[in-house]
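my_file06.csv (CSV, C-alpha atoms and all ligand atoms) appears below.
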chain,number,residue,atom,x,y,z
A,1,MET,CA,-29.2,-42.5,81.0
A,2,LYS,CA,-28.7,-46.0,79.7
A,3,ILE,CA,-29.3,-47.9,76.5
A,4,VAL,CA,-31.8,-50.6,77.1
A,5,ARG,CA,-32.7,-51.8,73.6
A,6,VAL,CA,-31.2,-51.7,70.1
A,7,GLY,CA,-33.3,-52.6,67.0
A,8,ALA,CA,-32.4,-52.6,63.3
A,9,TYR,CA,-34.9,-52.7,60.5
A,10,ARG,CA,-34.4,-53.3,56.8
A,11,VAL,CA,-36.2,-50.7,54.6
A,12,ASP,CA,-36.4,-50.6,50.8
A,13,LEU,CA,-35.8,-47.1,49.6
A,14,PRO,CA,-37.0,-46.3,46.1
A,15,ARG,CA,-35.0,-43.7,44.1
A,16,GLU,CA,-36.7,-41.0,42.1
A,17,ARG,CA,-34.7,-42.2,39.1
A,18,THR,CA,-32.0,-44.7,38.3
A,19,TYR,CA,-28.6,-43.4,39.4
A,20,ARG,CA,-25.8,-44.1,37.0
A,21,LEU,CA,-22.0,-44.0,37.6
A,22,SER,CA,-19.4,-44.9,35.0
A,23,GLY,CA,-18.5,-48.5,34.4
A,24,GLY,CA,-22.2,-49.6,34.3
A,25,ARG,CA,-22.6,-49.1,38.1
A,26,THR,CA,-26.3,-48.3,38.6
A,27,SER,CA,-28.9,-48.1,41.4
A,28,SER,CA,-32.6,-47.8,41.2
A,29,SER,CA,-33.4,-48.6,44.8
A,30,PHE,CA,-31.5,-48.7,48.1
A,31,ASP,CA,-31.5,-51.3,50.8
A,32,THR,CA,-31.3,-49.1,53.8
A,33,THR,CA,-31.1,-50.0,57.5
A,34,VAL,CA,-32.9,-48.0,60.2
A,35,VAL,CA,-31.6,-48.2,63.7
A,36,ARG,CA,-33.7,-47.5,66.8
A,37,VAL,CA,-31.8,-47.1,70.1
A,38,GLU,CA,-34.0,-46.9,73.2
A,39,SER,CA,-33.0,-45.5,76.6
A,40,ASP,CA,-34.2,-46.1,80.1
A,41,ALA,CA,-35.5,-42.6,80.1
A,42,GLY,CA,-38.1,-43.6,77.5
A,43,LEU,CA,-36.3,-41.6,74.7
A,44,VAL,CA,-35.7,-43.2,71.3
A,45,GLY,CA,-32.8,-42.3,69.0
A,46,LEU,CA,-32.8,-42.9,65.3
A,47,GLY,CA,-30.0,-43.7,62.9
A,48,GLU,CA,-29.7,-45.0,59.4
A,49,VAL,CA,-26.9,-46.6,57.2
A,50,CYS,CA,-27.3,-47.1,53.5
A,51,PRO,CA,-24.3,-48.3,51.4
A,52,PHE,CA,-24.5,-47.6,47.6
A,53,GLY,CA,-24.9,-51.2,46.6
A,54,ALA,CA,-22.1,-53.7,47.5
A,55,ALA,CA,-19.4,-52.7,45.1
A,56,TYR,CA,-19.0,-48.9,45.6
A,57,LEU,CA,-17.2,-48.7,49.0
A,58,PRO,CA,-16.1,-51.6,51.2
A,59,ALA,CA,-19.6,-51.7,52.7
A,60,TYR,CA,-22.9,-53.6,52.0
A,61,ALA,CA,-26.4,-53.5,53.5
A,62,ALA,CA,-26.5,-57.1,54.9
A,63,GLY,CA,-23.0,-56.5,56.3
A,64,ALA,CA,-24.3,-53.4,58.1
A,65,ARG,CA,-27.0,-55.4,59.8
A,66,THR,CA,-24.7,-58.3,60.7
A,67,GLY,CA,-22.3,-55.9,62.2
A,68,ILE,CA,-25.0,-54.1,64.1
A,69,ALA,CA,-26.0,-57.4,65.6
A,70,GLU,CA,-22.4,-58.0,66.6
A,71,VAL,CA,-21.9,-54.6,68.2
A,72,ALA,CA,-25.4,-53.9,69.8
A,73,PRO,CA,-25.1,-56.2,72.8
A,74,HIS,CA,-22.0,-54.2,73.9
A,75,LEU,CA,-24.0,-51.0,74.0
A,76,ILE,CA,-26.7,-52.2,76.4
A,77,GLY,CA,-26.1,-50.3,79.7
A,78,GLU,CA,-23.9,-47.6,78.0
A,79,ASP,CA,-24.8,-43.9,78.3
A,80,PRO,CA,-25.8,-42.9,74.8
A,81,ARG,CA,-25.0,-39.2,75.6
A,82,GLN,CA,-21.3,-40.0,76.1
A,83,VAL,CA,-20.6,-40.4,72.4
A,84,GLU,CA,-16.8,-40.7,72.5
A,85,ARG,CA,-17.2,-43.5,75.1
A,86,VAL,CA,-19.9,-45.2,72.9
A,87,ASN,CA,-17.4,-45.1,70.0
A,88,GLN,CA,-14.6,-46.6,72.1
A,89,THR,CA,-17.0,-49.4,73.2
A,90,MET,CA,-17.9,-50.1,69.6
A,91,ASP,CA,-14.2,-50.1,68.5
A,92,MET,CA,-13.4,-52.5,71.3
A,93,ALA,CA,-16.2,-54.8,70.2
A,94,LEU,CA,-15.5,-54.7,66.4
A,95,LYS,CA,-12.3,-53.6,64.7
A,96,GLY,CA,-12.8,-51.4,61.6
A,97,HIS,CA,-16.1,-51.6,59.7
A,98,PRO,CA,-16.9,-47.9,60.3
A,99,TYR,CA,-20.2,-48.1,58.3
A,100,VAL,CA,-21.5,-50.6,60.8
A,101,LYS,CA,-21.1,-48.1,63.6
A,102,SER,CA,-22.4,-45.1,61.7
A,103,ALA,CA,-26.2,-45.6,62.4
A,104,LEU,CA,-25.6,-46.5,66.0
A,105,ASP,CA,-23.5,-43.4,66.6
A,106,MET,CA,-26.1,-41.3,64.8
A,107,ALA,CA,-28.9,-42.6,67.1
A,108,CYS,CA,-26.8,-41.8,70.2
A,109,TRP,CA,-26.3,-38.2,68.9
A,110,ASP,CA,-30.1,-38.1,68.5
A,111,LEU,CA,-30.5,-39.2,72.1
A,112,LEU,CA,-27.9,-36.7,73.3
A,113,GLY,CA,-29.8,-33.9,71.6
A,114,GLN,CA,-33.2,-35.0,73.0
A,115,ALA,CA,-31.7,-35.3,76.5
A,116,ALA,CA,-30.1,-31.8,76.2
A,117,GLY,CA,-33.2,-30.3,74.6
A,118,MET,CA,-31.0,-29.0,71.7
A,119,ALA,CA,-30.9,-29.5,68.0
A,120,LEU,CA,-28.0,-31.6,66.6
A,121,SER,CA,-26.8,-28.6,64.6
A,122,THR,CA,-26.4,-26.6,67.9
A,123,LEU,CA,-24.5,-29.5,69.5
A,124,LEU,CA,-22.3,-29.7,66.4
A,125,GLY,CA,-21.2,-26.1,66.6
A,126,GLY,CA,-24.2,-23.9,66.0
A,127,ARG,CA,-26.2,-22.9,62.9
A,128,PHE,CA,-24.5,-21.0,60.1
A,129,GLY,CA,-27.0,-19.3,57.8
A,130,ASP,CA,-30.8,-19.9,57.5
A,131,ASP,CA,-30.3,-22.9,55.2
A,132,VAL,CA,-27.9,-25.1,53.2
A,133,GLU,CA,-27.3,-25.0,49.5
A,134,LEU,CA,-27.6,-28.4,47.7
A,135,TYR,CA,-26.1,-29.7,44.5
A,136,GLN,CA,-27.7,-31.8,41.9
A,137,THR,CA,-26.1,-35.0,40.6
A,138,ILE,CA,-26.2,-35.4,36.8
A,139,PRO,CA,-26.2,-39.2,35.8
A,140,HIS,CA,-23.5,-40.6,33.5
A,141,GLY,CA,-24.9,-40.3,29.9
A,142,THR,CA,-24.3,-38.8,26.5
A,143,PRO,CA,-22.9,-35.3,26.4
A,144,ASP,CA,-26.3,-33.9,25.2
A,145,ALA,CA,-28.2,-35.8,27.9
A,146,MET,CA,-25.9,-34.5,30.6
A,147,ARG,CA,-26.1,-30.9,29.3
A,148,ALA,CA,-29.9,-31.2,29.3
A,149,GLY,CA,-29.6,-32.6,32.9
A,150,LEU,CA,-27.8,-29.4,33.9
A,151,VAL,CA,-30.4,-27.2,32.3
A,152,GLU,CA,-33.2,-29.1,34.1
A,153,ALA,CA,-31.5,-28.9,37.4
A,154,ARG,CA,-30.9,-25.2,37.0
A,155,ALA,CA,-34.7,-24.8,36.4
A,156,GLU,CA,-35.3,-26.5,39.8
A,157,GLY,CA,-33.1,-23.8,41.5
A,158,TYR,CA,-29.7,-25.5,41.7
A,159,ARG,CA,-26.5,-23.7,41.0
A,160,ARG,CA,-24.1,-26.5,41.8
A,161,PHE,CA,-23.9,-29.6,39.7
A,162,GLN,CA,-22.1,-32.9,40.0
A,163,PRO,CA,-22.0,-34.6,36.6
A,164,LYS,CA,-20.8,-38.3,36.6
A,165,VAL,CA,-17.8,-39.0,34.3
A,166,GLY,CA,-15.1,-41.6,34.7
A,167,GLY,CA,-16.0,-43.4,31.5
A,168,GLU,CA,-14.3,-43.6,28.1
A,169,PRO,CA,-11.9,-40.6,28.1
A,170,ASP,CA,-12.7,-39.1,24.6
A,171,THR,CA,-16.4,-39.1,25.4
A,172,ASP,CA,-15.7,-37.7,28.8
A,173,ILE,CA,-13.8,-34.8,27.2
A,174,GLU,CA,-16.9,-34.1,25.0
A,175,ARG,CA,-19.1,-34.4,28.1
A,176,ILE,CA,-17.0,-31.9,30.1
A,177,ILE,CA,-16.7,-29.4,27.2
A,178,ALA,CA,-20.5,-29.5,26.7
A,179,LEU,CA,-21.2,-29.0,30.4
A,180,ALA,CA,-18.6,-26.2,30.7
A,181,ALA,CA,-20.2,-24.4,27.7
A,182,GLU,CA,-23.5,-24.6,29.5
A,183,ARG,CA,-22.2,-23.3,32.8
A,184,ARG,CA,-23.2,-19.7,33.8
A,185,ASP,CA,-21.5,-17.3,36.1
A,186,GLY,CA,-22.0,-18.2,39.7
A,187,GLU,CA,-22.5,-21.9,38.9
A,188,VAL,CA,-20.2,-24.7,40.0
A,189,VAL,CA,-19.6,-27.8,37.9
A,190,VAL,CA,-17.8,-30.6,39.7
A,191,VAL,CA,-17.1,-33.5,37.3
A,192,ASP,CA,-16.9,-36.7,39.5
A,193,ALA,CA,-15.1,-39.7,38.0
A,194,ASN,CA,-15.7,-41.8,41.1
A,195,GLY,CA,-12.3,-43.3,40.5
A,196,GLY,CA,-13.2,-44.5,37.1
A,197,TRP,CA,-10.2,-43.4,35.1
A,198,LEU,CA,-6.8,-45.1,35.0
A,199,ALA,CA,-4.0,-42.5,35.5
A,200,HIS,CA,-3.1,-42.2,31.8
A,201,GLU,CA,-6.8,-41.6,31.0
A,202,ALA,CA,-7.3,-39.0,33.7
A,203,MET,CA,-4.1,-37.3,32.5
A,204,ARG,CA,-5.5,-37.1,28.9
A,205,VAL,CA,-8.8,-35.7,30.2
A,206,VAL,CA,-7.3,-33.0,32.5
A,207,GLY,CA,-4.9,-32.0,29.7
A,208,ALA,CA,-7.8,-31.5,27.2
A,209,VAL,CA,-10.1,-29.5,29.6
A,210,GLY,CA,-7.4,-27.7,31.7
A,211,ASP,CA,-8.6,-24.2,30.5
A,212,LEU,CA,-12.3,-24.8,31.5
A,213,ASP,CA,-13.9,-23.5,34.7
A,214,ILE,CA,-14.6,-26.9,36.2
A,215,THR,CA,-13.5,-29.0,39.2
A,216,ILE,CA,-12.4,-32.6,39.1
A,217,GLU,CA,-13.5,-35.1,41.7
A,218,GLN,CA,-11.7,-38.4,42.5
A,219,PRO,CA,-10.2,-39.0,39.0
A,220,CYS,CA,-8.7,-42.4,39.8
A,221,ALA,CA,-9.3,-45.3,42.2
A,222,THR,CA,-6.0,-45.1,44.2
A,223,TYR,CA,-4.6,-42.2,46.1
A,224,GLU,CA,-1.3,-42.4,44.3
A,225,ALA,CA,-2.9,-42.1,40.9
A,226,CYS,CA,-5.0,-39.1,42.0
A,227,LEU,CA,-1.8,-37.5,43.3
A,228,ALA,CA,0.0,-38.0,40.0
A,229,VAL,CA,-3.0,-36.4,38.2
A,230,ARG,CA,-3.0,-33.5,40.7
A,231,ARG,CA,0.6,-32.7,39.9
A,232,LEU,CA,-0.2,-32.4,36.2
A,233,THR,CA,-3.1,-30.0,36.4
A,234,ASP,CA,-4.1,-26.6,37.8
A,235,LEU,CA,-7.8,-27.6,37.9
A,236,PRO,CA,-9.3,-27.7,41.4
A,237,LEU,CA,-9.5,-31.2,42.7
A,238,VAL,CA,-11.7,-32.9,45.2
A,239,LEU,CA,-10.8,-36.3,46.9
A,240,ASP,CA,-13.7,-38.5,48.0
A,241,GLU,CA,-13.5,-42.3,48.2
A,242,VAL,CA,-9.9,-42.3,49.3
A,243,ILE,CA,-10.4,-40.0,52.3
A,244,ASP,CA,-11.8,-42.5,54.7
A,245,SER,CA,-10.0,-41.6,58.0
A,246,VAL,CA,-8.1,-38.9,59.8
A,247,GLU,CA,-4.8,-40.5,58.7
A,248,ALA,CA,-5.8,-40.4,55.1
A,249,LEU,CA,-6.9,-36.7,55.4
A,250,LEU,CA,-3.7,-35.6,57.1
A,251,HIS,CA,-1.5,-37.6,54.6
A,252,ALA,CA,-3.3,-36.1,51.6
A,253,HIS,CA,-3.2,-32.6,53.1
A,254,ALA,CA,0.5,-32.8,53.7
A,255,ASP,CA,1.0,-33.8,50.1
A,256,GLY,CA,-1.2,-30.9,48.9
A,257,ALA,CA,-3.3,-33.5,47.1
A,258,MET,CA,-6.7,-31.7,47.1
A,259,ASP,CA,-8.6,-28.5,47.4
A,260,ALA,CA,-11.6,-30.0,49.0
A,261,ILE,CA,-12.8,-33.4,50.3
A,262,ASN,CA,-16.0,-35.3,50.3
A,263,LEU,CA,-17.1,-36.2,53.8
A,264,LYS,CA,-19.5,-39.2,54.0
A,265,LEU,CA,-20.9,-40.0,57.4
A,266,SER,CA,-20.9,-43.8,57.0
A,267,LYS,CA,-17.4,-44.0,55.3
A,268,LEU,CA,-16.0,-42.4,58.5
A,269,GLY,CA,-18.1,-44.2,61.1
A,270,GLY,CA,-20.8,-41.8,61.9
A,271,MET,CA,-21.3,-38.3,63.3
A,272,THR,CA,-18.6,-38.4,66.0
A,273,ARG,CA,-15.9,-39.2,63.5
A,274,ALA,CA,-17.4,-37.0,60.8
A,275,ARG,CA,-17.4,-34.1,63.3
A,276,GLN,CA,-13.7,-34.7,64.0
A,277,ILE,CA,-12.8,-34.6,60.3
A,278,ARG,CA,-15.1,-31.6,59.8
A,279,ASP,CA,-13.2,-29.7,62.6
A,280,LEU,CA,-9.9,-30.7,61.1
A,281,CYS,CA,-10.9,-29.5,57.7
A,282,VAL,CA,-12.0,-26.1,59.0
A,283,ALA,CA,-8.7,-25.8,60.9
A,284,LEU,CA,-6.7,-26.8,57.8
A,285,GLY,CA,-8.8,-24.5,55.5
A,286,LEU,CA,-10.3,-27.3,53.4
A,287,PRO,CA,-13.9,-27.0,52.2
A,288,MET,CA,-16.1,-30.2,52.3
A,289,THR,CA,-18.9,-31.8,50.4
A,290,ILE,CA,-21.0,-33.1,53.4
A,291,GLU,CA,-23.1,-36.2,52.7
A,292,ASP,CA,-23.3,-40.0,52.8
A,293,SER,CA,-23.1,-42.8,50.3
A,294,GLY,CA,-26.9,-43.1,50.2
A,295,GLY,CA,-30.0,-43.0,52.4
A,296,GLY,CA,-33.3,-41.4,53.2
A,297,ASP,CA,-34.9,-39.1,55.7
A,298,ILE,CA,-32.8,-39.9,58.7
A,299,ILE,CA,-29.4,-39.7,57.0
A,300,GLY,CA,-30.5,-36.6,55.1
A,301,THR,CA,-31.5,-34.9,58.3
A,302,ALA,CA,-28.2,-35.8,60.0
A,303,VAL,CA,-26.3,-34.5,57.0
A,304,ALA,CA,-28.4,-31.3,57.1
A,305,HIS,CA,-27.5,-30.7,60.7
A,306,LEU,CA,-23.7,-31.3,60.2
A,307,ALA,CA,-23.8,-29.0,57.1
A,308,GLN,CA,-25.7,-26.3,58.8
A,309,ALA,CA,-23.3,-26.4,61.7
A,310,THR,CA,-20.3,-25.9,59.4
A,311,PRO,CA,-19.4,-22.3,58.3
A,312,GLU,CA,-20.7,-21.6,54.8
A,313,LYS,CA,-17.2,-20.9,53.5
A,314,TYR,CA,-16.3,-24.6,54.2
A,315,ARG,CA,-19.4,-26.1,52.6
A,316,PHE,CA,-18.4,-27.2,49.1
A,317,GLY,CA,-21.7,-29.0,48.6
A,318,VAL,CA,-24.4,-31.1,50.0
A,319,SER,CA,-26.2,-33.7,47.8
A,320,SER,CA,-29.9,-33.1,47.1
A,321,GLY,CA,-30.4,-36.9,46.7
A,322,PHE,CA,-31.2,-37.6,50.4
A,323,PHE,CA,-34.1,-35.1,50.4
A,324,LYS,CA,-35.8,-36.5,47.3
A,325,VAL,CA,-36.5,-40.0,48.6
A,326,LYS,CA,-39.4,-40.6,50.9
A,327,LEU,CA,-38.3,-43.1,53.6
A,328,ASN,CA,-41.8,-42.7,55.1
A,329,THR,CA,-40.6,-44.0,58.5
A,330,THR,CA,-40.3,-40.5,59.9
A,331,GLU,CA,-42.0,-37.1,59.9
A,332,GLY,CA,-40.2,-33.8,60.2
A,333,ALA,CA,-37.3,-34.3,57.7
A,334,PRO,CA,-36.1,-31.2,55.7
A,335,ARG,CA,-37.8,-30.5,52.4
A,336,ILE,CA,-36.1,-28.9,49.4
A,337,ALA,CA,-37.0,-25.3,48.5
A,338,GLN,CA,-35.2,-23.8,45.5
A,339,GLY,CA,-32.3,-26.1,45.9
A,340,ARG,CA,-31.8,-25.5,49.6
A,341,VAL,CA,-32.8,-27.2,52.9
A,342,SER,CA,-32.8,-26.2,56.5
A,343,ALA,CA,-32.1,-28.6,59.4
A,344,PRO,CA,-34.9,-29.1,61.9
A,345,ILE,CA,-34.8,-27.0,65.0
A,346,GLY,CA,-36.3,-29.5,67.4
A,347,PRO,CA,-34.2,-31.5,69.9
A,348,GLY,CA,-31.8,-34.1,68.5
A,349,LEU,CA,-32.4,-34.9,64.8
A,350,GLY,CA,-35.8,-33.4,65.2
A,351,LEU,CA,-37.6,-36.3,63.6
A,352,ARG,CA,-40.7,-38.2,64.8
A,353,LEU,CA,-40.6,-42.0,64.1
A,354,ARG,CA,-43.7,-43.6,62.4
A,355,ALA,CA,-43.0,-46.9,64.2
A,356,GLU,CA,-45.8,-48.7,62.4
A,357,THR,CA,-43.9,-48.3,59.1
A,358,LEU,CA,-40.8,-50.2,60.2
A,359,GLY,CA,-42.1,-53.8,60.3
A,360,GLU,CA,-40.4,-56.5,62.2
A,361,PRO,CA,-36.8,-55.9,63.4
A,362,VAL,CA,-34.0,-57.9,61.9
A,363,VAL,CA,-31.9,-57.1,65.0
A,364,ASP,CA,-33.5,-56.8,68.4
A,365,VAL,CA,-31.1,-56.7,71.4
A,366,THR,CA,-32.1,-56.0,75.0
B,1,MG,MG,-17.8,-38.3,44.8
Starting from the file, lay out its structure as structure tokens.
Amino acid sequence: MKIVRVGAYRVDLPRERTYRLSGGRTSSSFDTTVVRVESDAGLVGLGEVCPFGAAYLPAYAAGARTGIAEVAPHLIGEDPRQVERVNQTMDMALKGHPYVKSALDMACWDLLGQAAGMALSTLLGGRFGDDVELYQTIPHGTPDAMRAGLVEARAEGYRRFQPKVGGEPDTDIERIIALAAERRDGEVVVVDANGGWLAHEAMRVVGAVGDLDITIEQPCATYEACLAVRRLTDLPLVLDEVIDSVEALLHAHADGAMDAINLKLSKLGGMTRARQIRDLCVALGLPMTIEDSGGGDIIGTAVAHLAQATPEKYRFGVSSGFFKVKLNTTEGAPRIAQGRVSAPIGPGLGLRLRAETLGEPVVDVT
């Protein structure tokens, strides 16, 4: 099987509500890119990449499309089923820029699954459990508003919550105390600073909330600052933004720097690299939040497959956000039931493209 055509499409993805991180970082819609990889066997693989704006990770939507235009000509004639070869070809064509390669890699996995007649979750290791538990993000806000957000999410069936902190430390301490007071047995509260605290601010916060039953995620922007905080607290700690490669993971693991990581497909370069990190984490005994920086039906479906193919014990969380937006370009994506989703069982991603919704391609390479 050979790749004969690669197309990329810009799609505006509305969010259910405005998403707020600390430091005034907000998002009410996403500029997402859908990729369509066509094979000479008449099969079409789908991929998607959706950076969270241009200032969250070193990635932005127009950059994804420019990079796809750069890489795509090198993929014509390649066998999409040979995913490691495809990745080597992409790495030879463009150094770095993992997010550019993520959607192309995802589309090749979709083609591999379709060609094999197997669901992606089967190819990624098999299905663990009937479905996958999701967590609900709680936007950065006042302590009362965030506490109300947790109560609302609980009513929707969630038991795992990710409140956004990383703002002014005294107010963050109030936020965390309010959220911990609301937490019930069996519920998990992961307060995510998204790197928003300086080291001395994070140290004040963990010192003040150290006896509460909460988990801290990515307290500071740099790895060294996160490690300094880690050495001052017994609270469980998740690293997210700084774990962007195998090297970063192994370095942090050797330092005992975290109890779990956040694995985002596009941050690592797609399914092939995410699978590698997933397998390493299972071997090292590290649970993972499995997700991406943003996206709609296609990314959500890919995330659901990887999560369902990961033993439950190693699933620290999966964001509900991907399953709440209607990309409207596909049919068959997982839908939320009581805070859980199940990956499709059809071949590949298990999605059907509604081609008429895509509009004109911004990249079209044959
Ligand atoms: Mg995070």
### Query
Skipping near chain neighbours, those fewer than 3 positions away, what residues fall within 12 Å of Val188 in chain A using all atoms listed in the file, listed as a count of residues only?
28
### Task
Enumerate as a ChimeraX atom specification the residues within 8 Å of ligand MG 1 (chain B), counting only C-alpha atoms and all ligand atoms.
/A:192-194,217-218,239-241,262
I'd like the contact shell of Thr32 in chain A - 8 Å cut-off, only C-alpha atoms, skipping same-chain residues fewer than 5 positions apart - returned as an mmCIF file with C-alpha atoms, in the frame of the given file.
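Dumped to result28.cif:
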data_model
loop_
_atom_site.group_PDB
_atom_site.id
_atom_site.type_symbol
_atom_site.label_atom_id
_atom_site.label_comp_id
_atom_site.auth_asym_id
_atom_site.auth_seq_id
_atom_site.Cartn_x
_atom_site.Cartn_y
_atom_site.Cartn_z
ATOM 1 C CA ARG A 10 -34.400 -53.300 56.800
ATOM 2 C CA VAL A 11 -36.200 -50.700 54.600
ATOM 3 C CA ASP A 12 -36.400 -50.600 50.800
ATOM 4 C CA LEU A 13 -35.800 -47.100 49.600
ATOM 5 C CA GLU A 48 -29.700 -45.000 59.400
ATOM 6 C CA VAL A 49 -26.900 -46.600 57.200
ATOM 7 C CA CYS A 50 -27.300 -47.100 53.500
ATOM 8 C CA PRO A 51 -24.300 -48.300 51.400
ATOM 9 C CA ALA A 61 -26.400 -53.500 53.500
ATOM 10 C CA GLY A 295 -30.000 -43.000 52.400
ATOM 11 C CA GLY A 296 -33.300 -41.400 53.200
#
Spatial sel., origin (-35.0, -53.7, 77.8), limit 6 Å, all atoms listed in the file, listed as a compact mmCIF listing (two decimals) with C-alpha atoms, keeping the file's coordinate frame:
# COMPACT_ATOMS: atom_id res chain seq x y z
CA VAL A 4 -31.80 -50.60 77.10
CA ARG A 5 -32.70 -51.80 73.60
CA THR A 366 -32.10 -56.00 75.00
### Query
Which residues come within 7 Å of Cys220 in chain A, counting all atoms listed in the file, excluding same-chain residues fewer than 6 positions away, as a ChimeraX atom specification?
/A:195-199,226
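CA of Ala337 in chain A to CA of Glu156 in chain A spans 8.9 Å [interatomic distance, one decimal].
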